[in-house]
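J.: Structure below; questions to follow.
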Amino acid sequence: MKTIKLFAMWTLFGSLTIGHANNIAITGISSGTQNTANHTLPVNLSISWENSWRTLTNERNYDGAWIIIKYKKGGSDIWRHCTLKTSGFTAAAGSEIKVAPNPTDNTRGKGAFLYRAENNTGIGNVAFNNNQFIWDYGIDGVADSDTVELKAFALEMVYIPAGEYWLGSGGQESKCFTGVGSTNGAYLVTGDHPIVIGNADGNLNLNGGGTGTSIPDTFPNGFNAFWIMKYECSQQQYADFLNNIEATQAANMNASTSANFAGTSHPNFQPMVPDRANNNLNYGEFASFADWSCLRPMSEMEFEKACRGVIEPFPNEFAWGTTAYTQLTAINNIGQPIESVATEGANCHIKSTNGNFPLSLPTRVGIFARPSGSTRALSGATYYGVMNMSDNLLEFTVFAGTPEGRVITDTVHGDGALTASGNTDISAWISPEALGVRGARFNGGAGELERGRISDRYYANTPTIGSGHVSRGIRLVRTAP
């Protein structure tokens, strides 16, 4: 086998809770010695990002990267997904790698998490050099003599540990989850067992946000550990997705009409503002990106877990852990990589009749992180360090209140391939009754601030909310291997 080109993609400008641009980047991609007996090829790469962390106290979590690799045979224009071996890889000093195994074959997977090793605690920049992954090209239908090109992609992710947490706040947020008979009015999720829906003591009450008698143990209820994208998908990330699927598939992604990529076309879509959160999406396009990147939609329960963590809930709290907020009213360097907050103390981008509004578009992902002297509340970050969960764009979530939503499980992830028309082949992900949205948006109206509260479920089964899809973005998860 001859590898003629190797590329690094998805070099995202982003921010951590109290840091500045994280600048995740893949460099030094190369191939090792081909093993024709096993039909495998080592793929080497280095990866770095700023303001990484791993803690042993309080949150007890860490950030990391989700890495996938695509290949293209010589003479073909079609990029396909690389299958990786779950053993035989090499992690750089100070890091760990876990290849996420396929559900029916634990020797192979579609991507890998790379993160700080358990003894590598702290906060700061990281550079993990000369990592090696083993591509099982034989299982992907590549012959020993084929010539291929390779591309590697990385997304910044945050690890959400397994454990108990509270659903609902005990307040009056719209359709808020309620724990019947609970002293604080919230519901304590204690395991990955079935959850009884009802009005008796100990039941979970959906408070008008759905129907049913039970949530099955296969539903992603937030108890098990999972990884979540640290930021909303950027325009650059979505452009890379469009450019690396087939032209006919990209044409069905609203790409040709989206203002985010005006005047450009496949395979050279160029984002208008690369670091801005990508909007103009419907739930079919969202599901296609999830399938292609080998991730999955998060459930509305996982949304609350990622926001609140293990802290006792209280009414009307936002993702940053308080009821206080300061809306964005001014921005420096709009549309530039150095776009920053010009409003003193601002920590959210939510339009409301109660506040001024400087920008009729989403902001740069992670804009509220400051270079120094920040806090969780000032940066608008969740308990675990996830950014913009209460603001900017709405988050697609799996609805717990319908049979269509409850058939979605935490074991089914994308496989890197789409149908000929560009759709996901996971039909459960594109049922309108299965999905909704959480959080608040930059272009809402009266009452939009209330939508940003962690436990507000006003939009929980309204996947079409937002005129022209303008207020919906992409944030995905994957069950921790």
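Here's how to read the names in the structure tokens: chain A, B, ... by the order shown, residue numbers from 1 in each chain, ligand numbers from 1 in the order shown.
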Going by DSSP on the backbone, which residues of region 178-290 of chain A come out as strand (DSSP E)? List them as number ranges by chain.
T.: A: 178-179, 187-189, 195-196, 204-205, 214-215, 226-229
J.: Would you mind exporting N, CA and C atoms of the selected residues as an mmCIF file, in the first residue's frame?
T.:
data_model
loop_
_atom_site.group_PDB
_atom_site.id
_atom_site.type_symbol
_atom_site.label_atom_id
_atom_site.label_comp_id
_atom_site.auth_asym_id
_atom_site.auth_seq_id
_atom_site.Cartn_x
_atom_site.Cartn_y
_atom_site.Cartn_z
ATOM 1 N N THR A 178 -40.063 16.363 37.516
ATOM 2 C CA THR A 178 -40.382 16.454 38.936
ATOM 3 C C THR A 178 -40.241 15.083 39.581
ATOM 4 N N GLY A 179 -39.669 15.053 40.765
ATOM 5 C CA GLY A 179 -39.610 13.831 41.552
ATOM 6 C C GLY A 179 -40.771 13.807 42.529
ATOM 7 N N TYR A 187 -35.887 14.887 40.819
ATOM 8 C CA TYR A 187 -35.831 13.423 40.751
ATOM 9 C C TYR A 187 -34.374 12.978 40.734
ATOM 10 N N LEU A 188 -34.010 12.065 41.623
ATOM 11 C CA LEU A 188 -32.642 11.575 41.695
ATOM 12 C C LEU A 188 -32.488 10.339 40.808
ATOM 13 N N VAL A 189 -31.641 10.450 39.789
ATOM 14 C CA VAL A 189 -31.325 9.311 38.921
ATOM 15 C C VAL A 189 -30.229 8.505 39.604
ATOM 16 N N ILE A 195 -36.935 3.730 34.663
ATOM 17 C CA ILE A 195 -37.482 4.802 35.493
ATOM 18 C C ILE A 195 -38.995 4.814 35.314
ATOM 19 N N VAL A 196 -39.714 4.727 36.428
ATOM 20 C CA VAL A 196 -41.174 4.699 36.383
ATOM 21 C C VAL A 196 -41.705 6.121 36.263
ATOM 22 N N LEU A 204 -41.059 9.505 38.482
ATOM 23 C CA LEU A 204 -40.678 10.695 37.717
ATOM 24 C C LEU A 204 -41.925 11.240 37.045
ATOM 25 N N ASN A 205 -42.233 12.500 37.285
ATOM 26 C CA ASN A 205 -43.375 13.146 36.645
ATOM 27 C C ASN A 205 -42.863 14.025 35.507
ATOM 28 N N SER A 214 -42.987 4.351 31.590
ATOM 29 C CA SER A 214 -41.642 3.943 31.979
ATOM 30 C C SER A 214 -40.618 4.381 30.942
ATOM 31 N N ILE A 215 -39.434 4.725 31.418
ATOM 32 C CA ILE A 215 -38.284 4.982 30.555
ATOM 33 C C ILE A 215 -37.366 3.770 30.675
ATOM 34 N N PHE A 226 -20.353 9.472 29.766
ATOM 35 C CA PHE A 226 -20.383 9.795 28.341
ATOM 36 C C PHE A 226 -19.471 10.982 28.068
ATOM 37 N N TRP A 227 -19.146 11.173 26.811
ATOM 38 C CA TRP A 227 -18.377 12.322 26.342
ATOM 39 C C TRP A 227 -19.302 13.249 25.572
ATOM 40 N N ILE A 228 -19.095 14.551 25.710
ATOM 41 C CA ILE A 228 -19.911 15.550 25.028
ATOM 42 C C ILE A 228 -19.004 16.581 24.367
ATOM 43 N N MET A 229 -19.403 17.059 23.203
ATOM 44 C CA MET A 229 -18.635 18.105 22.537
ATOM 45 C C MET A 229 -18.523 19.329 23.444
#
J.: Do you know which residues are at most 6 Å from Trp53 (chain A) counting only C-alpha atoms, after dropping those on the same chain fewer than 3 positions away, and could you put them as a PDB file with C-alpha atoms, in the first residue's frame?
T.:
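Saved to part.pdb:
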ATOM      1  CA  TYR A  62     -11.185  15.843  32.105  1.00  0.00           C
ATOM      2  CA  GLY A 122      -3.675  19.832  36.191  1.00  0.00           C
ATOM      3  CA  ILE A 123      -4.711  22.618  33.852  1.00  0.00           C
TER       4      ILE A 123
END
J.: Considering only C-alpha atoms, tabulate each residue of region 137-181 of chain A that lies at most 8 Å from region 372-392 of chain A along with its nearest interatomic pair and the corresponding distance in Å to one decimal; arrange the rows by chain and ascending residue number and present them as CSV.
T.:
residue,atom,partner,partner_atom,distance
A:Val158,CA,A:Val386,CA,6.8
A:Tyr159,CA,A:Tyr384,CA,7.9
A:Ile160,CA,A:Tyr384,CA,7.0
J.: At a cut-off of 7 Å, using only C-alpha atoms, what residues contact Ala342 (chain A)? Leave out same-chain residues fewer than 5 positions from it and give the result as a PDB file with N, CA and C atoms, in the first residue's frame.
T.:
ATOM      1  N   ALA A 330     -22.634  43.942  23.268  1.00  0.00           N
ATOM      2  CA  ALA A 330     -21.601  44.504  22.393  1.00  0.00           C
ATOM      3  C   ALA A 330     -20.502  43.472  22.178  1.00  0.00           C
ATOM      4  N   ILE A 331     -19.946  43.467  20.967  1.00  0.00           N
ATOM      5  CA  ILE A 331     -18.921  42.495  20.598  1.00  0.00           C
ATOM      6  C   ILE A 331     -17.760  43.210  19.924  1.00  0.00           C
ATOM      7  N   ASN A 332     -16.552  42.827  20.287  1.00  0.00           N
ATOM      8  CA  ASN A 332     -15.358  43.322  19.609  1.00  0.00           C
ATOM      9  C   ASN A 332     -15.010  42.404  18.441  1.00  0.00           C
TER      10      ASN A 332
END
J.: Neighbouring residues of region 33-38 of chain A were defined as those with any atom within 9 Å, considering only C-alpha atoms; residues of the same chain fewer than 2 positions away were excluded. Please report them as a PyMOL selection string.
T.: chain A and resi 1+31+40-42+136+138+144
J.: I need the residues from that last selection saved to file as a compact mmCIF listing (two decimals), in the first residue's frame (with C-alpha atoms), if you can.
T.:
# COMPACT_ATOMS: atom_id res chain seq x y z
CA MET A 1 0.00 0.00 0.00
CA SER A 31 1.94 6.02 8.01
CA THR A 40 -3.27 -3.32 8.86
CA LEU A 41 -1.45 -0.01 8.61
CA PRO A 42 -0.15 2.13 11.50
CA ASP A 136 -7.60 -2.39 9.87
CA GLY A 138 -8.61 -5.20 5.22
CA ASP A 144 -2.74 -4.56 0.02
J.: Rank nothing, just name the residue among A:Ser455, A:Asn221, A:Thr397, A:Gln327 nearest to Pro315 (chain A), using only C-alpha atoms.
T.: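 Closest to Pro315 (chain A) of all the choices is A:Ser455.
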